[in-house]
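Q: This is model-v1.cif (mmCIF, N, CA and C atoms).
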data_my_file
#
loop_
_atom_site.label_atom_id
_atom_site.label_comp_id
_atom_site.auth_asym_id
_atom_site.auth_seq_id
_atom_site.Cartn_x
_atom_site.Cartn_y
_atom_site.Cartn_z
N MET A 1 -33.56 -20.67 -23.34
CA MET A 1 -33.43 -19.54 -22.46
C MET A 1 -34.30 -18.40 -22.97
N GLU A 2 -35.13 -17.88 -22.13
CA GLU A 2 -35.97 -16.73 -22.49
C GLU A 2 -35.08 -15.51 -22.64
N ARG A 3 -35.33 -14.71 -23.64
CA ARG A 3 -34.53 -13.51 -23.86
C ARG A 3 -35.44 -12.29 -23.76
N ILE A 4 -34.99 -11.31 -23.02
CA ILE A 4 -35.75 -10.08 -22.88
C ILE A 4 -35.38 -9.17 -24.04
N CYS A 5 -36.36 -8.76 -24.82
CA CYS A 5 -36.07 -7.90 -25.95
C CYS A 5 -35.99 -6.44 -25.49
N THR A 6 -35.46 -5.59 -26.35
CA THR A 6 -35.26 -4.20 -25.97
C THR A 6 -36.56 -3.48 -25.67
N SER A 7 -37.68 -3.97 -26.18
CA SER A 7 -38.96 -3.31 -25.88
C SER A 7 -39.38 -3.52 -24.43
N ASP A 8 -38.73 -4.47 -23.75
CA ASP A 8 -39.01 -4.72 -22.34
C ASP A 8 -38.10 -3.90 -21.42
N VAL A 9 -37.35 -2.98 -21.98
CA VAL A 9 -36.37 -2.26 -21.19
C VAL A 9 -36.92 -0.89 -20.79
N SER A 10 -36.79 -0.58 -19.52
CA SER A 10 -37.19 0.72 -19.00
C SER A 10 -35.98 1.34 -18.31
N SER A 11 -35.52 2.46 -18.79
CA SER A 11 -34.36 3.14 -18.22
C SER A 11 -33.10 2.28 -18.25
N GLY A 12 -32.99 1.39 -19.22
CA GLY A 12 -31.77 0.60 -19.35
C GLY A 12 -31.74 -0.67 -18.52
N PHE A 13 -32.74 -0.93 -17.68
CA PHE A 13 -32.74 -2.13 -16.85
C PHE A 13 -33.79 -3.10 -17.35
N PRO A 14 -33.49 -4.40 -17.32
CA PRO A 14 -34.49 -5.37 -17.77
C PRO A 14 -35.67 -5.43 -16.82
N VAL A 15 -36.87 -5.54 -17.38
CA VAL A 15 -38.08 -5.65 -16.59
C VAL A 15 -38.01 -6.87 -15.68
N TYR A 16 -37.29 -7.89 -16.10
CA TYR A 16 -37.13 -9.09 -15.29
C TYR A 16 -36.69 -8.75 -13.87
N PHE A 17 -35.79 -7.78 -13.74
CA PHE A 17 -35.28 -7.41 -12.43
C PHE A 17 -36.16 -6.38 -11.72
N PHE A 18 -36.72 -5.45 -12.46
CA PHE A 18 -37.39 -4.32 -11.84
C PHE A 18 -38.83 -4.15 -12.32
N GLY A 19 -39.50 -5.23 -12.64
CA GLY A 19 -40.87 -5.16 -13.13
C GLY A 19 -41.84 -4.74 -12.04
N LYS A 20 -43.04 -4.29 -12.44
CA LYS A 20 -44.05 -3.82 -11.49
C LYS A 20 -44.49 -4.92 -10.54
N ALA A 21 -44.45 -6.16 -10.98
CA ALA A 21 -44.88 -7.27 -10.13
C ALA A 21 -43.79 -7.69 -9.15
N GLY A 22 -42.60 -7.10 -9.23
CA GLY A 22 -41.51 -7.47 -8.35
C GLY A 22 -40.72 -8.64 -8.91
N PRO A 23 -39.82 -9.19 -8.12
CA PRO A 23 -38.98 -10.28 -8.61
C PRO A 23 -39.83 -11.45 -9.10
N SER A 24 -39.42 -12.02 -10.23
CA SER A 24 -40.22 -13.07 -10.84
C SER A 24 -39.50 -14.41 -10.84
N SER A 25 -38.47 -14.56 -10.04
CA SER A 25 -37.72 -15.80 -10.06
C SER A 25 -37.34 -16.22 -8.66
N ASP A 26 -37.29 -17.52 -8.46
CA ASP A 26 -36.79 -18.05 -7.18
C ASP A 26 -35.39 -17.53 -6.92
N TRP A 27 -34.61 -17.39 -7.99
CA TRP A 27 -33.23 -16.91 -7.86
C TRP A 27 -33.20 -15.53 -7.20
N MET A 28 -34.17 -14.69 -7.54
CA MET A 28 -34.20 -13.32 -7.00
C MET A 28 -34.71 -13.27 -5.56
N GLN A 29 -35.24 -14.37 -5.03
CA GLN A 29 -35.77 -14.39 -3.67
C GLN A 29 -34.70 -14.73 -2.63
N ARG A 30 -33.52 -15.05 -3.06
CA ARG A 30 -32.47 -15.43 -2.13
C ARG A 30 -31.99 -14.22 -1.35
N PRO A 31 -31.80 -14.36 -0.03
CA PRO A 31 -31.53 -13.19 0.81
C PRO A 31 -30.13 -12.60 0.70
N ILE A 32 -29.13 -13.37 0.25
CA ILE A 32 -27.76 -12.88 0.21
C ILE A 32 -27.28 -12.85 -1.24
N LEU A 33 -26.87 -11.67 -1.70
CA LEU A 33 -26.32 -11.53 -3.04
C LEU A 33 -24.80 -11.49 -2.92
N LEU A 34 -24.15 -12.47 -3.51
CA LEU A 34 -22.70 -12.55 -3.53
C LEU A 34 -22.23 -12.11 -4.92
N MET A 35 -21.61 -10.93 -5.00
CA MET A 35 -21.14 -10.40 -6.28
C MET A 35 -19.62 -10.44 -6.30
N LEU A 36 -19.08 -11.02 -7.36
CA LEU A 36 -17.63 -11.18 -7.49
C LEU A 36 -17.17 -10.71 -8.87
N ASP A 37 -16.00 -10.09 -8.90
CA ASP A 37 -15.39 -9.73 -10.16
C ASP A 37 -14.55 -10.92 -10.62
N PHE A 38 -14.36 -11.06 -11.92
CA PHE A 38 -13.60 -12.19 -12.43
C PHE A 38 -12.10 -11.93 -12.38
N ASP A 39 -11.61 -11.06 -13.25
CA ASP A 39 -10.17 -10.79 -13.33
C ASP A 39 -9.67 -10.06 -12.08
N GLY A 40 -8.70 -10.64 -11.43
CA GLY A 40 -8.11 -10.02 -10.25
C GLY A 40 -8.79 -10.41 -8.95
N THR A 41 -9.92 -11.07 -9.02
CA THR A 41 -10.62 -11.54 -7.81
C THR A 41 -10.73 -13.05 -7.83
N LEU A 42 -11.42 -13.59 -8.82
CA LEU A 42 -11.55 -15.05 -8.92
C LEU A 42 -10.35 -15.69 -9.61
N VAL A 43 -9.71 -14.94 -10.48
CA VAL A 43 -8.48 -15.40 -11.14
C VAL A 43 -7.45 -14.30 -11.03
N PRO A 44 -6.16 -14.66 -11.00
CA PRO A 44 -5.13 -13.61 -10.93
C PRO A 44 -5.04 -12.85 -12.24
N ILE A 45 -4.55 -11.63 -12.16
CA ILE A 45 -4.27 -10.85 -13.36
C ILE A 45 -3.07 -11.49 -14.05
N VAL A 46 -3.19 -11.73 -15.34
CA VAL A 46 -2.11 -12.34 -16.10
C VAL A 46 -1.78 -11.46 -17.30
N ASN A 47 -0.60 -11.67 -17.88
CA ASN A 47 -0.19 -10.86 -19.03
C ASN A 47 -1.12 -11.04 -20.22
N ASN A 48 -1.52 -12.27 -20.48
CA ASN A 48 -2.41 -12.56 -21.60
C ASN A 48 -3.78 -12.96 -21.05
N PRO A 49 -4.80 -12.12 -21.19
CA PRO A 49 -6.13 -12.43 -20.63
C PRO A 49 -6.73 -13.74 -21.13
N GLU A 50 -6.25 -14.23 -22.26
CA GLU A 50 -6.75 -15.50 -22.78
C GLU A 50 -6.25 -16.70 -21.98
N ASP A 51 -5.26 -16.48 -21.11
CA ASP A 51 -4.63 -17.58 -20.38
C ASP A 51 -5.24 -17.87 -19.01
N CYS A 52 -6.32 -17.21 -18.65
CA CYS A 52 -6.83 -17.43 -17.29
C CYS A 52 -8.17 -18.16 -17.29
N TYR A 53 -8.24 -19.12 -16.40
CA TYR A 53 -9.46 -19.89 -16.13
C TYR A 53 -9.53 -20.09 -14.63
N LEU A 54 -10.72 -20.41 -14.14
CA LEU A 54 -10.87 -20.69 -12.72
C LEU A 54 -10.03 -21.91 -12.34
N SER A 55 -9.42 -21.85 -11.16
CA SER A 55 -8.76 -23.05 -10.64
C SER A 55 -9.86 -24.04 -10.25
N ASN A 56 -9.51 -25.30 -10.16
CA ASN A 56 -10.48 -26.32 -9.75
C ASN A 56 -11.04 -26.02 -8.37
N GLU A 57 -10.20 -25.51 -7.47
CA GLU A 57 -10.64 -25.19 -6.11
C GLU A 57 -11.69 -24.08 -6.11
N VAL A 58 -11.42 -23.00 -6.84
CA VAL A 58 -12.36 -21.88 -6.89
C VAL A 58 -13.66 -22.31 -7.57
N LYS A 59 -13.55 -23.10 -8.63
CA LYS A 59 -14.75 -23.57 -9.32
C LYS A 59 -15.59 -24.44 -8.39
N TYR A 60 -14.95 -25.30 -7.61
CA TYR A 60 -15.66 -26.15 -6.66
C TYR A 60 -16.38 -25.29 -5.61
N LEU A 61 -15.68 -24.29 -5.07
CA LEU A 61 -16.28 -23.43 -4.04
C LEU A 61 -17.45 -22.62 -4.60
N LEU A 62 -17.28 -22.05 -5.79
CA LEU A 62 -18.38 -21.28 -6.40
C LEU A 62 -19.58 -22.18 -6.68
N SER A 63 -19.32 -23.38 -7.16
CA SER A 63 -20.41 -24.32 -7.43
C SER A 63 -21.16 -24.67 -6.14
N ALA A 64 -20.41 -24.88 -5.07
CA ALA A 64 -21.02 -25.22 -3.78
C ALA A 64 -21.87 -24.06 -3.26
N ILE A 65 -21.36 -22.84 -3.39
CA ILE A 65 -22.11 -21.66 -2.94
C ILE A 65 -23.37 -21.49 -3.79
N ALA A 66 -23.26 -21.72 -5.10
CA ALA A 66 -24.40 -21.56 -6.00
C ALA A 66 -25.54 -22.51 -5.63
N GLU A 67 -25.22 -23.64 -5.05
CA GLU A 67 -26.24 -24.62 -4.68
C GLU A 67 -26.94 -24.26 -3.37
N LEU A 68 -26.37 -23.36 -2.60
CA LEU A 68 -26.99 -22.97 -1.33
C LEU A 68 -28.17 -22.05 -1.59
N ARG A 69 -29.30 -22.33 -1.00
CA ARG A 69 -30.54 -21.58 -1.25
C ARG A 69 -30.47 -20.13 -0.76
N GLN A 70 -29.59 -19.82 0.17
CA GLN A 70 -29.56 -18.46 0.69
C GLN A 70 -28.68 -17.51 -0.13
N PHE A 71 -27.96 -18.04 -1.12
CA PHE A 71 -27.07 -17.20 -1.91
C PHE A 71 -27.54 -17.06 -3.36
N ALA A 72 -27.51 -15.84 -3.86
CA ALA A 72 -27.62 -15.56 -5.29
C ALA A 72 -26.22 -15.14 -5.70
N THR A 73 -25.57 -15.93 -6.53
CA THR A 73 -24.17 -15.70 -6.88
C THR A 73 -24.10 -15.02 -8.24
N TYR A 74 -23.34 -13.93 -8.32
CA TYR A 74 -23.25 -13.09 -9.51
C TYR A 74 -21.78 -12.80 -9.79
N VAL A 75 -21.30 -13.13 -10.99
CA VAL A 75 -19.93 -12.83 -11.39
C VAL A 75 -19.99 -11.80 -12.51
N ILE A 76 -19.27 -10.71 -12.33
CA ILE A 76 -19.29 -9.63 -13.32
C ILE A 76 -17.87 -9.42 -13.85
N SER A 77 -17.80 -8.94 -15.09
CA SER A 77 -16.50 -8.74 -15.72
C SER A 77 -16.62 -7.74 -16.86
N GLY A 78 -15.49 -7.20 -17.24
CA GLY A 78 -15.43 -6.38 -18.45
C GLY A 78 -15.37 -7.25 -19.70
N ARG A 79 -15.15 -8.53 -19.52
CA ARG A 79 -15.13 -9.46 -20.64
C ARG A 79 -16.53 -9.60 -21.23
N SER A 80 -16.61 -10.12 -22.43
CA SER A 80 -17.92 -10.39 -23.01
C SER A 80 -18.61 -11.49 -22.20
N LEU A 81 -19.91 -11.51 -22.27
CA LEU A 81 -20.69 -12.52 -21.55
C LEU A 81 -20.29 -13.93 -22.01
N ALA A 82 -20.15 -14.11 -23.30
CA ALA A 82 -19.79 -15.44 -23.83
C ALA A 82 -18.44 -15.89 -23.30
N ASP A 83 -17.47 -14.99 -23.28
CA ASP A 83 -16.13 -15.31 -22.79
C ASP A 83 -16.17 -15.65 -21.29
N LEU A 84 -16.90 -14.86 -20.54
CA LEU A 84 -17.01 -15.07 -19.10
C LEU A 84 -17.63 -16.43 -18.79
N LYS A 85 -18.73 -16.74 -19.46
CA LYS A 85 -19.41 -18.02 -19.21
C LYS A 85 -18.52 -19.20 -19.61
N LYS A 86 -17.75 -19.03 -20.69
CA LYS A 86 -16.85 -20.09 -21.14
C LYS A 86 -15.76 -20.35 -20.09
N ARG A 87 -15.26 -19.29 -19.47
CA ARG A 87 -14.17 -19.43 -18.51
C ARG A 87 -14.62 -19.92 -17.13
N ILE A 88 -15.90 -19.73 -16.81
CA ILE A 88 -16.39 -20.16 -15.50
C ILE A 88 -17.16 -21.47 -15.62
N GLY A 89 -18.17 -21.51 -16.47
CA GLY A 89 -18.88 -22.75 -16.75
C GLY A 89 -19.66 -23.34 -15.58
N ILE A 90 -20.27 -22.50 -14.76
CA ILE A 90 -21.08 -22.99 -13.65
C ILE A 90 -22.53 -22.63 -13.92
N LYS A 91 -23.39 -23.63 -13.91
CA LYS A 91 -24.82 -23.37 -14.11
C LYS A 91 -25.45 -22.89 -12.81
N GLY A 92 -26.51 -22.09 -12.95
CA GLY A 92 -27.25 -21.65 -11.79
C GLY A 92 -26.75 -20.37 -11.16
N ILE A 93 -25.75 -19.71 -11.77
CA ILE A 93 -25.32 -18.42 -11.25
C ILE A 93 -25.62 -17.35 -12.28
N CYS A 94 -25.52 -16.11 -11.86
CA CYS A 94 -25.75 -14.97 -12.75
C CYS A 94 -24.40 -14.49 -13.27
N TYR A 95 -24.36 -14.16 -14.55
CA TYR A 95 -23.16 -13.62 -15.18
C TYR A 95 -23.46 -12.22 -15.68
N GLY A 96 -22.51 -11.32 -15.50
CA GLY A 96 -22.60 -9.97 -16.04
C GLY A 96 -21.37 -9.69 -16.88
N GLY A 97 -21.53 -9.67 -18.19
CA GLY A 97 -20.42 -9.37 -19.08
C GLY A 97 -20.46 -7.92 -19.51
N SER A 98 -19.36 -7.47 -20.09
CA SER A 98 -19.25 -6.09 -20.58
C SER A 98 -19.66 -5.08 -19.50
N HIS A 99 -19.14 -5.29 -18.30
CA HIS A 99 -19.41 -4.42 -17.15
C HIS A 99 -20.89 -4.32 -16.81
N GLY A 100 -21.64 -5.40 -17.07
CA GLY A 100 -23.06 -5.44 -16.73
C GLY A 100 -24.01 -5.09 -17.86
N LEU A 101 -23.47 -4.78 -19.04
CA LEU A 101 -24.35 -4.48 -20.18
C LEU A 101 -24.92 -5.75 -20.79
N GLU A 102 -24.31 -6.90 -20.49
CA GLU A 102 -24.82 -8.20 -20.91
C GLU A 102 -25.07 -8.99 -19.63
N ILE A 103 -26.28 -9.46 -19.43
CA ILE A 103 -26.63 -10.16 -18.20
C ILE A 103 -27.26 -11.50 -18.54
N SER A 104 -26.86 -12.51 -17.79
CA SER A 104 -27.47 -13.83 -17.92
C SER A 104 -27.74 -14.37 -16.52
N VAL A 105 -29.01 -14.60 -16.23
CA VAL A 105 -29.40 -15.26 -14.99
C VAL A 105 -30.13 -16.53 -15.40
N PRO A 106 -30.31 -17.46 -14.49
CA PRO A 106 -30.99 -18.69 -14.89
C PRO A 106 -32.32 -18.41 -15.60
N LYS A 107 -32.47 -18.96 -16.78
CA LYS A 107 -33.66 -18.90 -17.63
C LYS A 107 -33.89 -17.57 -18.35
N THR A 108 -33.03 -16.57 -18.15
CA THR A 108 -33.25 -15.27 -18.76
C THR A 108 -31.91 -14.62 -19.11
N SER A 109 -31.90 -13.83 -20.18
CA SER A 109 -30.71 -13.05 -20.50
C SER A 109 -31.14 -11.68 -21.00
N PHE A 110 -30.21 -10.74 -20.95
CA PHE A 110 -30.47 -9.37 -21.37
C PHE A 110 -29.19 -8.78 -21.94
N VAL A 111 -29.29 -8.15 -23.09
CA VAL A 111 -28.16 -7.43 -23.66
C VAL A 111 -28.64 -6.01 -23.93
N HIS A 112 -27.98 -5.05 -23.32
CA HIS A 112 -28.32 -3.65 -23.53
C HIS A 112 -28.05 -3.30 -24.99
N PRO A 113 -28.92 -2.52 -25.62
CA PRO A 113 -28.74 -2.17 -27.03
C PRO A 113 -27.38 -1.56 -27.34
N GLU A 114 -26.83 -0.79 -26.43
CA GLU A 114 -25.52 -0.18 -26.67
C GLU A 114 -24.42 -1.24 -26.72
N ALA A 115 -24.57 -2.32 -25.95
CA ALA A 115 -23.58 -3.40 -26.00
C ALA A 115 -23.62 -4.08 -27.37
N GLU A 116 -24.81 -4.29 -27.90
CA GLU A 116 -24.93 -4.90 -29.23
C GLU A 116 -24.31 -4.00 -30.29
N ASN A 117 -24.57 -2.69 -30.22
CA ASN A 117 -24.00 -1.74 -31.18
C ASN A 117 -22.48 -1.70 -31.07
N SER A 118 -21.97 -1.69 -29.85
CA SER A 118 -20.52 -1.64 -29.64
C SER A 118 -19.85 -2.89 -30.17
N ALA A 119 -20.47 -4.04 -29.97
CA ALA A 119 -19.88 -5.30 -30.46
C ALA A 119 -19.75 -5.27 -31.98
N ARG A 120 -20.76 -4.75 -32.66
CA ARG A 120 -20.68 -4.65 -34.12
C ARG A 120 -19.55 -3.71 -34.54
N THR A 121 -19.41 -2.59 -33.85
CA THR A 121 -18.35 -1.62 -34.17
C THR A 121 -16.98 -2.22 -33.94
N ILE A 122 -16.81 -2.96 -32.85
CA ILE A 122 -15.53 -3.59 -32.56
C ILE A 122 -15.17 -4.63 -33.63
N ARG A 123 -16.15 -5.43 -34.04
CA ARG A 123 -15.89 -6.42 -35.10
C ARG A 123 -15.46 -5.72 -36.40
N LEU A 124 -16.11 -4.62 -36.72
CA LEU A 124 -15.77 -3.87 -37.93
C LEU A 124 -14.34 -3.31 -37.82
N LEU A 125 -14.01 -2.72 -36.68
CA LEU A 125 -12.67 -2.15 -36.49
C LEU A 125 -11.58 -3.23 -36.59
N LYS A 126 -11.86 -4.42 -36.09
CA LYS A 126 -10.89 -5.51 -36.16
C LYS A 126 -10.59 -5.88 -37.60
N THR A 127 -11.55 -5.75 -38.49
CA THR A 127 -11.31 -6.06 -39.90
C THR A 127 -10.40 -5.03 -40.57
N LEU A 128 -10.33 -3.83 -39.99
CA LEU A 128 -9.53 -2.77 -40.58
C LEU A 128 -8.09 -2.77 -40.11
N VAL A 129 -7.81 -3.51 -39.05
CA VAL A 129 -6.44 -3.52 -38.49
C VAL A 129 -5.58 -4.55 -39.14
#
Let's see the structure in the file written out as structure tokens.
A:
Amino acid sequence: MERICTSDVSSGFPVYFFGKAGPSSDWMQRPILLMLDFDGTLVPIVNNPEDCYLSNEVKYLLSAIAELRQFATYVISGRSLADLKKRIGIKGICYGGSHGLEISVPKTSFVHPEAENSARTIRLLKTLV
């Protein structure tokens, strides 16, 4: 997977999405953008966030939509990108973790520098508790 480094970032957005040459991926040429939130939309809100995964029915429907050429499917969450991808596990869709600070689209990913800094701070704080 190609990774966009921070030197490719202009105003906080990856050049992949907003470069001077325009969209650089077949994925970005799709006419309908379907954006969905994870918790409370694709899965019910539960007491323990670790206990939720997509139902087989929702996973089947999302997979079917992802295969349609007219849809660009994007799932966003406050969860980390790694956690979100683990819970959904569908190839060919775009994932937005940490409220969009971590982005993964087919063949490319982007992590905003502030997300990387925050993750380090959170790991450090967890060691102190």
Q: Determine the residue membership of the PyMOL selection byres (((chain A and resi 71 and name CA) around 7) and name CA) for the file above and supply it as a VMD selection string.
A: chain A and resid 30 to 34 65 to 66 68 to 70 72 to 73
Q: Can you spit out the residues from that selection as a tab-separated table (two decimals), keeping the file's coordinate frame, using N, CA and C atoms?
A:
chain	number	residue	atom	x	y	z
A	30	ARG	N	-33.52	-15.05	-3.06
A	30	ARG	CA	-32.47	-15.43	-2.13
A	30	ARG	C	-31.99	-14.22	-1.35
A	31	PRO	N	-31.80	-14.36	-0.03
A	31	PRO	CA	-31.53	-13.19	0.81
A	31	PRO	C	-30.13	-12.60	0.70
A	32	ILE	N	-29.13	-13.37	0.25
A	32	ILE	CA	-27.76	-12.88	0.21
A	32	ILE	C	-27.28	-12.85	-1.24
A	33	LEU	N	-26.87	-11.67	-1.70
A	33	LEU	CA	-26.32	-11.53	-3.04
A	33	LEU	C	-24.80	-11.49	-2.92
A	34	LEU	N	-24.15	-12.47	-3.51
A	34	LEU	CA	-22.70	-12.55	-3.53
A	34	LEU	C	-22.23	-12.11	-4.92
A	65	ILE	N	-21.36	-22.84	-3.39
A	65	ILE	CA	-22.11	-21.66	-2.94
A	65	ILE	C	-23.37	-21.49	-3.79
A	66	ALA	N	-23.26	-21.72	-5.10
A	66	ALA	CA	-24.40	-21.56	-6.00
A	66	ALA	C	-25.54	-22.51	-5.63
A	68	LEU	N	-26.37	-23.36	-2.60
A	68	LEU	CA	-26.99	-22.97	-1.33
A	68	LEU	C	-28.17	-22.05	-1.59
A	69	ARG	N	-29.30	-22.33	-1.00
A	69	ARG	CA	-30.54	-21.58	-1.25
A	69	ARG	C	-30.47	-20.13	-0.76
A	70	GLN	N	-29.59	-19.82	0.17
A	70	GLN	CA	-29.56	-18.46	0.69
A	70	GLN	C	-28.68	-17.51	-0.13
A	72	ALA	N	-27.51	-15.84	-3.86
A	72	ALA	CA	-27.62	-15.56	-5.29
A	72	ALA	C	-26.22	-15.14	-5.70
A	73	THR	N	-25.57	-15.93	-6.53
A	73	THR	CA	-24.17	-15.70	-6.88
A	73	THR	C	-24.10	-15.02	-8.24
Q: Using only C-alpha atoms, which residues sit within 9 Å of A:Ile93 once same-chain residues fewer than 6 positions away are excluded, as a PyMOL selection string?
A: chain A and resi 27+62-63+66+72-75+104-106
Q: When you draw a straight line from atom CA of A:Asn48 to atom N of A:Cys94, how long is it in Å?
A: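 Pair atom CA of A:Asn48 / atom N of A:Cys94 returns 25.3 Å.
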Q: List the spatial neighbours of A:Ile88 as a list in words - criterion: any atom at most 6 Å away, all atoms listed in the file, same-chain residues fewer than 3 positions off excluded.
A: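 Contacts, with the query itself left out: Leu54, Leu84 and Lys85 of chain A.
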Q: Got time to write the residues from that selection, N, CA and C atoms, as a PDB file, keeping the file's coordinate frame?
A:
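To be explicit, this is the file written out as again-v1.pdb:
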ATOM      1  N   LEU A  54     -10.720 -20.410 -14.140  1.00  0.00           N
ATOM      2  CA  LEU A  54     -10.870 -20.690 -12.720  1.00  0.00           C
ATOM      3  C   LEU A  54     -10.030 -21.910 -12.340  1.00  0.00           C
ATOM      4  N   LEU A  84     -16.900 -14.860 -20.540  1.00  0.00           N
ATOM      5  CA  LEU A  84     -17.010 -15.070 -19.100  1.00  0.00           C
ATOM      6  C   LEU A  84     -17.630 -16.430 -18.790  1.00  0.00           C
ATOM      7  N   LYS A  85     -18.730 -16.740 -19.460  1.00  0.00           N
ATOM      8  CA  LYS A  85     -19.410 -18.020 -19.210  1.00  0.00           C
ATOM      9  C   LYS A  85     -18.520 -19.200 -19.610  1.00  0.00           C
TER      10      LYS A  85
END
Q: Find the distance between atom CA of A:Leu36 and atom N of A:Ile76 and write it in Å to one decimal.
A: 5.1 Å
Q: Please measure the separation of atom CA of A:Lys107 and atom CA of A:Tyr53, giving the value in Å to one decimal.
A: 24.3 Å
Q: Nearest to A:Lys91: which of A:Ala119, A:Arg79, A:Glu67, A:Lys126 is it, counting all atoms listed in the file?
A: A:Glu67
Q: What does the PyMOL selection byres (((chain A and resi 77 and name CA) around 8) and name CA) select in this file, as a PDB file with N, CA and C atoms, in the coordinates of the input?
A:
ATOM      1  N   ASP A  37     -16.000 -10.090  -8.900  1.00  0.00           N
ATOM      2  CA  ASP A  37     -15.390  -9.730 -10.160  1.00  0.00           C
ATOM      3  C   ASP A  37     -14.550 -10.920 -10.620  1.00  0.00           C
ATOM      4  N   PHE A  38     -14.360 -11.060 -11.920  1.00  0.00           N
ATOM      5  CA  PHE A  38     -13.600 -12.190 -12.430  1.00  0.00           C
ATOM      6  C   PHE A  38     -12.100 -11.930 -12.380  1.00  0.00           C
ATOM      7  N   ASP A  39     -11.610 -11.060 -13.250  1.00  0.00           N
ATOM      8  CA  ASP A  39     -10.170 -10.790 -13.330  1.00  0.00           C
ATOM      9  C   ASP A  39      -9.670 -10.060 -12.080  1.00  0.00           C
ATOM     10  N   VAL A  75     -21.300 -13.130 -10.990  1.00  0.00           N
ATOM     11  CA  VAL A  75     -19.930 -12.830 -11.390  1.00  0.00           C
ATOM     12  C   VAL A  75     -19.990 -11.800 -12.510  1.00  0.00           C
ATOM     13  N   ILE A  76     -19.270 -10.710 -12.330  1.00  0.00           N
ATOM     14  CA  ILE A  76     -19.290  -9.630 -13.320  1.00  0.00           C
ATOM     15  C   ILE A  76     -17.870  -9.420 -13.850  1.00  0.00           C
ATOM     16  N   GLY A  78     -15.490  -7.200 -17.240  1.00  0.00           N
ATOM     17  CA  GLY A  78     -15.430  -6.380 -18.450  1.00  0.00           C
ATOM     18  C   GLY A  78     -15.370  -7.250 -19.700  1.00  0.00           C
ATOM     19  N   ARG A  79     -15.150  -8.530 -19.520  1.00  0.00           N
ATOM     20  CA  ARG A  79     -15.130  -9.460 -20.640  1.00  0.00           C
ATOM     21  C   ARG A  79     -16.530  -9.600 -21.230  1.00  0.00           C
ATOM     22  N   SER A  80     -16.610 -10.120 -22.430  1.00  0.00           N
ATOM     23  CA  SER A  80     -17.920 -10.390 -23.010  1.00  0.00           C
ATOM     24  C   SER A  80     -18.610 -11.490 -22.200  1.00  0.00           C
ATOM     25  N   LEU A  84     -16.900 -14.860 -20.540  1.00  0.00           N
ATOM     26  CA  LEU A  84     -17.010 -15.070 -19.100  1.00  0.00           C
ATOM     27  C   LEU A  84     -17.630 -16.430 -18.790  1.00  0.00           C
ATOM     28  N   GLY A  96     -22.510 -11.320 -15.500  1.00  0.00           N
ATOM     29  CA  GLY A  96     -22.600  -9.970 -16.040  1.00  0.00           C
ATOM     30  C   GLY A  96     -21.370  -9.690 -16.880  1.00  0.00           C
ATOM     31  N   GLY A  97     -21.530  -9.670 -18.190  1.00  0.00           N
ATOM     32  CA  GLY A  97     -20.420  -9.370 -19.080  1.00  0.00           C
ATOM     33  C   GLY A  97     -20.460  -7.920 -19.510  1.00  0.00           C
ATOM     34  N   SER A  98     -19.360  -7.470 -20.090  1.00  0.00           N
ATOM     35  CA  SER A  98     -19.250  -6.090 -20.580  1.00  0.00           C
ATOM     36  C   SER A  98     -19.660  -5.080 -19.500  1.00  0.00           C
ATOM     37  N   HIS A  99     -19.140  -5.290 -18.300  1.00  0.00           N
ATOM     38  CA  HIS A  99     -19.410  -4.420 -17.150  1.00  0.00           C
ATOM     39  C   HIS A  99     -20.890  -4.320 -16.810  1.00  0.00           C
ATOM     40  N   GLY A 100     -21.640  -5.400 -17.070  1.00  0.00           N
ATOM     41  CA  GLY A 100     -23.060  -5.440 -16.730  1.00  0.00           C
ATOM     42  C   GLY A 100     -24.010  -5.090 -17.860  1.00  0.00           C
TER      43      GLY A 100
END
Q: My structure is short of atoms at stretch 58-64 of chain A; please model N, CA, C and O atoms there, returning them as a PDB file, keeping the file's coordinate frame.
A:
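File written: result.pdb
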ATOM      1  N   VAL A  58     -11.420 -23.000  -6.840  1.00  0.00           N
ATOM      2  CA  VAL A  58     -12.360 -21.880  -6.890  1.00  0.00           C
ATOM      3  C   VAL A  58     -13.660 -22.310  -7.570  1.00  0.00           C
ATOM      4  O   VAL A  58     -14.748 -21.959  -7.123  1.00  0.00           O
ATOM      5  N   LYS A  59     -13.550 -23.100  -8.630  1.00  0.00           N
ATOM      6  CA  LYS A  59     -14.750 -23.570  -9.320  1.00  0.00           C
ATOM      7  C   LYS A  59     -15.590 -24.440  -8.390  1.00  0.00           C
ATOM      8  O   LYS A  59     -16.816 -24.310  -8.351  1.00  0.00           O
ATOM      9  N   TYR A  60     -14.950 -25.300  -7.610  1.00  0.00           N
ATOM     10  CA  TYR A  60     -15.660 -26.150  -6.660  1.00  0.00           C
ATOM     11  C   TYR A  60     -16.380 -25.290  -5.610  1.00  0.00           C
ATOM     12  O   TYR A  60     -17.565 -25.508  -5.322  1.00  0.00           O
ATOM     13  N   LEU A  61     -15.680 -24.290  -5.070  1.00  0.00           N
ATOM     14  CA  LEU A  61     -16.280 -23.430  -4.040  1.00  0.00           C
ATOM     15  C   LEU A  61     -17.450 -22.620  -4.600  1.00  0.00           C
ATOM     16  O   LEU A  61     -18.503 -22.525  -3.961  1.00  0.00           O
ATOM     17  N   LEU A  62     -17.280 -22.050  -5.790  1.00  0.00           N
ATOM     18  CA  LEU A  62     -18.380 -21.280  -6.400  1.00  0.00           C
ATOM     19  C   LEU A  62     -19.580 -22.180  -6.680  1.00  0.00           C
ATOM     20  O   LEU A  62     -20.724 -21.773  -6.479  1.00  0.00           O
ATOM     21  N   SER A  63     -19.320 -23.380  -7.160  1.00  0.00           N
ATOM     22  CA  SER A  63     -20.410 -24.320  -7.430  1.00  0.00           C
ATOM     23  C   SER A  63     -21.160 -24.670  -6.140  1.00  0.00           C
ATOM     24  O   SER A  63     -22.392 -24.738  -6.130  1.00  0.00           O
ATOM     25  N   ALA A  64     -20.410 -24.880  -5.070  1.00  0.00           N
ATOM     26  CA  ALA A  64     -21.020 -25.220  -3.780  1.00  0.00           C
ATOM     27  C   ALA A  64     -21.870 -24.060  -3.260  1.00  0.00           C
ATOM     28  O   ALA A  64     -22.988 -24.246  -2.780  1.00  0.00           O
TER      29      ALA A  64
END
